[in-house]
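J.: Sharing a structure with you now.
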Amino acid sequence: MFRFSKPALGGAIALALAALTAGSALADGRYAGIGRSATRAEIHAWDIDVRPDFKGLRPGSGSVDQGQEVWEAKCTSCHGSFGESNEVHTPLIGGTTKDDIKTGHVLSLVKGDAPQRSAIMKVATVSTLFDYINRAMPLTAPKSLSNDEVYALVAYLLNLAEIVPGDFVLTEKNIAEAQARMPNRNGMRTDHGMWPGASAAKGGMGNGGKPDVKNTACMSNCKTEVKIASLLPVYAETAHGNLAEQNRPVGPVRGKDTSGKAGATPAAPAPLSENAAASKLAQDSGCMACHGVAGKIVGPGYNEVLAKYRGQADAEARLAAKVKAGGQGVWGAIPMPPQTQLKDEDIRSLVKWIMSGAKAQ
């Protein structure tokens with residue numbers, strides 16, 4: 001248990017630490033001898049947030065080429081080689097134009113004609129990219145990237161979106177230059193007193209801290225009954241292809257057929273071999289979103305599972321139990337949720353397929 005002494009730091013986390021400090025005197029009186037003041041190193045390790053005006057950003061640098069090397073080593077398994085994504089996540093890059101970079105507004109967001117929205121279309125600030133990558137990536141080892149690696153990855157993403165050139169080296173000194181070219185930099189309202197700094201007219205990103213209190217409450221034509229539901233708008237149903245082919249990796253929910261042929265009688269499929277049927281089952285059940293055949297994605301590759309359990313008499317039964325119940329710790333900190341949507345015979349088929357080498361045919 002730490003007792004945080006008042007730090008002379010900027011940023012949202014520093015403010016939170018200062019708030020904790022306000023109660024420390026009371027805690028000292030009630031619980032004498034419990035806790036201690038946090039060290040400067042401990043506060044420094046937590047105080048990593050980066051504001052839109054780049055307060056809190058630590059010195060560093062990273063080139064586009066360095067970012068590509070880090071990306072290929074640590075990011076492609078979930079996001080694809082060029083941010084185009086794969087079956088794990090939707091695209092990070094795409095959908096912006098040179099005109100968007102000039103205006104600071106992504107036209108396809110206004111027109112609604114993009115088949116899907118990439119991250120670079122929506123994000124308004126470079127600080128958002130830097131802060132999120134620094135805190136949460138890679139998924140399997142958050143906060144493991146060095147400061148320079150984060151700079152390099154941001155530079156690589158900005159280059160993929162044609163915001164910076166291929167020889168660009170991103171630093172704390174020129175990051176504002178990249179911010180001035182963000183495609184959606186003007187796509188977020190800041191006139192609500194929550195963003196720091198002066199108004200846009202004075203070269204800032206906020207409105208001087210003045211809250212928006214001029215709205216008038218509407219009390220006419222109010223709904224008498226509230227219905228809570230989750231639904232996908234019709235116009236977006238086919239943004240990623242046929243929903244029926246996009247089973248969730250967790251849970252029993254299955255997508256409806258949006259191929260336009262829902263009423264047609266499908267032709268009888270050709271019978272599949274045992275391996276092909278198991279391979280299809282793994283794809284349809286979402287297993288391949290986290291497990292590669294020849295290598296790790298989020299969870300271990302099936303080749304690694306085979307190597308670990310090969311020759312053990314009870315391997316298939318133990319693995320089937322793990323698949324059904326889920327678990328954590330054997331292959332790392334990321335948990336595998338229980339696969340309760342699968343039938344027992346399907347789980348046994350998957351395990352048998354994995355232990356036979358996970359062949360496609």
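Within each chain, counting starts at residue 1; across the structure tokens, chains are named A, B, ... in the order shown, with ligands numbered 1 upward in that order.
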Could you list, as a PyMOL selection string, every residue within 10 Å of A:Ile120, counting only C-alpha atoms and ignoring same-chain residues fewer than 5 positions away?
T.: chain A and resi 91-96+106+125-126+129+157-158+160-161+182-184
J.: Considering only C-alpha atoms, state which residue in the set A:Arg189, A:Arg36, A:Lys308, A:Lys280 is at the smallest distance from A:Gln361.
T.: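 Between A:Arg189, A:Arg36, A:Lys308, A:Lys280, the residue approaching A:Gln361 most closely is A:Lys280.
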J.: Between atom CA of A:Gly104 and atom CA of A:Asn186, what distance in Å does the model show, to one decimal?
T.: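 So the answer is 4.9 Å.
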J.: Quick one: pull the distance between atom CA of A:Arg348 and atom CA of A:Gly301, Å, one decimal.
T.: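 Atom-to-atom, atom CA of A:Arg348 and atom CA of A:Gly301 are spaced 17.9 Å apart.
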J.: Please measure the separation of atom CA of A:Val169 and atom CA of A:Ala141, giving the value in Å to one decimal.
T.: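 Atom CA of A:Ala141 lies 25.1 Å from atom CA of A:Val169.
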J.: Name the closest residue to A:Gly80 among the candidates A:Ile297, A:Ala155, A:Ala114, A:Ala276; distances are taken between atoms, counting only C-alpha atoms.
T.: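 Checking each of A:Ile297, A:Ala155, A:Ala114, A:Ala276 against A:Gly80, counting only C-alpha atoms, the winner is A:Ile297.
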J.: Where in stretch 53-198 of chain A does DSSP assign helix (DSSP H, G or I), given as a ChimeraX atom specification?
T.: /A:64-74,76-79,98-103,107-111,119-122,126-136,147-160,175-179
J.: Atoms to include: C-alpha atoms. Write the selected residues as a PDB file, in the first residue's frame.
T.:
```pdb
ATOM      1  CA  VAL A  64       9.645   5.321 -40.003  1.00  0.00           C
ATOM      2  CA  ASP A  65      12.110   2.530 -40.868  1.00  0.00           C
ATOM      3  CA  GLN A  66      12.643   1.675 -37.202  1.00  0.00           C
ATOM      4  CA  GLY A  67       8.890   1.662 -36.708  1.00  0.00           C
ATOM      5  CA  GLN A  68       8.426  -0.824 -39.526  1.00  0.00           C
ATOM      6  CA  GLU A  69      10.918  -3.211 -37.895  1.00  0.00           C
ATOM      7  CA  VAL A  70       9.130  -3.007 -34.528  1.00  0.00           C
ATOM      8  CA  TRP A  71       5.748  -3.333 -36.265  1.00  0.00           C
ATOM      9  CA  GLU A  72       6.721  -6.507 -38.108  1.00  0.00           C
ATOM     10  CA  ALA A  73       8.077  -8.038 -34.901  1.00  0.00           C
ATOM     11  CA  LYS A  74       5.305  -7.114 -32.485  1.00  0.00           C
ATOM     12  CA  THR A  76       1.495  -7.668 -37.510  1.00  0.00           C
ATOM     13  CA  SER A  77      -0.091 -10.710 -35.852  1.00  0.00           C
ATOM     14  CA  CYS A  78      -3.131  -8.602 -34.905  1.00  0.00           C
ATOM     15  CA  HIS A  79      -3.002  -5.600 -37.248  1.00  0.00           C
ATOM     16  CA  LYS A  98      -4.526  14.267 -49.328  1.00  0.00           C
ATOM     17  CA  ASP A  99      -7.427  16.725 -49.307  1.00  0.00           C
ATOM     18  CA  ASP A 100      -8.383  15.484 -45.841  1.00  0.00           C
ATOM     19  CA  ILE A 101      -4.842  16.258 -44.654  1.00  0.00           C
ATOM     20  CA  LYS A 102      -5.223  19.788 -46.028  1.00  0.00           C
ATOM     21  CA  THR A 103      -8.624  20.477 -44.470  1.00  0.00           C
ATOM     22  CA  LEU A 107     -14.748  13.753 -46.113  1.00  0.00           C
ATOM     23  CA  SER A 108     -15.833  10.105 -46.150  1.00  0.00           C
ATOM     24  CA  LEU A 109     -17.006  10.467 -42.527  1.00  0.00           C
ATOM     25  CA  VAL A 110     -19.319  13.272 -43.644  1.00  0.00           C
ATOM     26  CA  LYS A 111     -20.519  11.468 -46.772  1.00  0.00           C
ATOM     27  CA  ALA A 119      -8.629   4.322 -36.783  1.00  0.00           C
ATOM     28  CA  ILE A 120      -6.759   7.061 -38.681  1.00  0.00           C
ATOM     29  CA  MET A 121     -10.077   8.316 -40.093  1.00  0.00           C
ATOM     30  CA  LYS A 122     -11.453   8.911 -36.601  1.00  0.00           C
ATOM     31  CA  VAL A 126      -1.313  12.215 -32.483  1.00  0.00           C
ATOM     32  CA  SER A 127      -1.206  12.161 -28.680  1.00  0.00           C
ATOM     33  CA  THR A 128      -4.048   9.630 -28.711  1.00  0.00           C
ATOM     34  CA  LEU A 129      -1.993   7.234 -30.864  1.00  0.00           C
ATOM     35  CA  PHE A 130       1.136   7.725 -28.766  1.00  0.00           C
ATOM     36  CA  ASP A 131      -0.646   7.391 -25.412  1.00  0.00           C
ATOM     37  CA  TYR A 132      -2.622   4.275 -26.334  1.00  0.00           C
ATOM     38  CA  ILE A 133       0.310   2.430 -27.907  1.00  0.00           C
ATOM     39  CA  ASN A 134       2.489   3.350 -24.925  1.00  0.00           C
ATOM     40  CA  ARG A 135      -0.034   2.132 -22.337  1.00  0.00           C
ATOM     41  CA  ALA A 136      -1.692  -0.854 -23.956  1.00  0.00           C
ATOM     42  CA  ASN A 147       9.882   5.184 -25.443  1.00  0.00           C
ATOM     43  CA  ASP A 148      11.812   5.270 -28.724  1.00  0.00           C
ATOM     44  CA  GLU A 149       9.900   2.225 -30.012  1.00  0.00           C
ATOM     45  CA  VAL A 150       6.613   4.057 -29.403  1.00  0.00           C
ATOM     46  CA  TYR A 151       7.891   7.112 -31.294  1.00  0.00           C
ATOM     47  CA  ALA A 152       8.962   4.824 -34.150  1.00  0.00           C
ATOM     48  CA  LEU A 153       5.623   2.988 -34.318  1.00  0.00           C
ATOM     49  CA  VAL A 154       3.686   6.261 -34.400  1.00  0.00           C
ATOM     50  CA  ALA A 155       5.997   7.517 -37.170  1.00  0.00           C
ATOM     51  CA  TYR A 156       5.366   4.318 -39.161  1.00  0.00           C
ATOM     52  CA  LEU A 157       1.573   4.629 -38.834  1.00  0.00           C
ATOM     53  CA  LEU A 158       1.687   8.298 -39.829  1.00  0.00           C
ATOM     54  CA  ASN A 159       3.753   7.378 -42.869  1.00  0.00           C
ATOM     55  CA  LEU A 160       1.302   4.651 -43.896  1.00  0.00           C
ATOM     56  CA  ILE A 175       5.339  15.941 -33.089  1.00  0.00           C
ATOM     57  CA  ALA A 176       3.249  19.146 -33.312  1.00  0.00           C
ATOM     58  CA  GLU A 177       4.145  19.314 -37.018  1.00  0.00           C
ATOM     59  CA  ALA A 178       2.589  15.887 -37.509  1.00  0.00           C
ATOM     60  CA  GLN A 179      -0.457  16.984 -35.491  1.00  0.00           C
TER      61      GLN A 179
END
```
J.: Do a neighbour search on A:Lys343 at 12 Å with only C-alpha atoms, toss out local chain neighbours closer than 4 positions, and write the hits as a list of chain:residue names.
T.: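 Everything that qualifies: A:Pro252, A:Leu281, A:Ser285, A:Ala320, A:Val323, A:Lys324, A:Gln339, A:Ile347, A:Arg348, A:Ser349, A:Leu350.
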J.: Keeping only C-alpha atoms, write the selected residues as a tab-separated table (two decimals), in the first residue's frame.
T.:
```tsv
chain	number	residue	atom	x	y	z
A	252	PRO	CA	-23.25	-18.67	-29.02
A	281	LEU	CA	-14.66	-25.79	-37.39
A	285	SER	CA	-15.60	-21.03	-34.06
A	320	ALA	CA	-10.52	-30.86	-24.18
A	323	VAL	CA	-10.86	-25.72	-24.08
A	324	LYS	CA	-14.25	-26.13	-22.45
A	339	GLN	CA	-15.72	-22.24	-25.06
A	347	ILE	CA	-14.16	-29.89	-28.84
A	348	ARG	CA	-12.88	-33.45	-29.07
A	349	SER	CA	-12.63	-33.11	-32.88
A	350	LEU	CA	-10.64	-29.87	-32.55
```
J.: For A:Thr238, please output as a list in words all residues within 10 Å (counting only C-alpha atoms; exclusion window: fewer than 3 positions along the same chain).
T.: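 Surrounding residues, per the criterion: Pro115, Gln116, Pro233, Val234, Tyr235, Gly241, Asn242, Leu243, Asp257, Thr258, Ser259 and Gly260 of chain A.
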J.: Mind dumping the selected residues with C-alpha atoms as a short mmCIF file (atom, residue, chain, number, x, y, z; two decimals), in the first residue's frame?
T.:
```
data_model
loop_
_atom_site.label_atom_id
_atom_site.label_comp_id
_atom_site.auth_asym_id
_atom_site.auth_seq_id
_atom_site.Cartn_x
_atom_site.Cartn_y
_atom_site.Cartn_z
CA PRO A 115 -17.11 0.63 -46.30
CA GLN A 116 -15.61 0.70 -42.83
CA PRO A 233 -27.85 -0.32 -38.72
CA VAL A 234 -29.00 -1.84 -41.99
CA TYR A 235 -26.59 0.33 -44.01
CA GLY A 241 -18.93 -8.92 -45.74
CA ASN A 242 -21.60 -11.48 -44.93
CA LEU A 243 -22.44 -11.43 -41.20
CA ASP A 257 -27.16 -14.00 -43.62
CA THR A 258 -26.60 -10.66 -45.37
CA SER A 259 -25.35 -12.09 -48.65
CA GLY A 260 -28.65 -11.32 -50.39
#
```
J.: Can you tell me which residues surround A:Ala282 at a distance of at most 12 Å, considering only C-alpha atoms, apart from same-chain residues fewer than 3 positions away, and format the answer as a ChimeraX atom specification?
T.: /A:247-249,275-279,285-293,302,339,342,346-354,358-360
J.: Which is closer to A:Trp331 than all the others in A:Val298, A:Ala313, A:Ala217, A:Ala45, using only C-alpha atoms?
T.: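 Counting only C-alpha atoms, the residue closest to A:Trp331 is A:Val298.
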J.: Nearest residue to A:Pro52 out of A:Leu170, A:Ile34, A:Met188, A:Ser118, using only C-alpha atoms?
T.: A:Met188
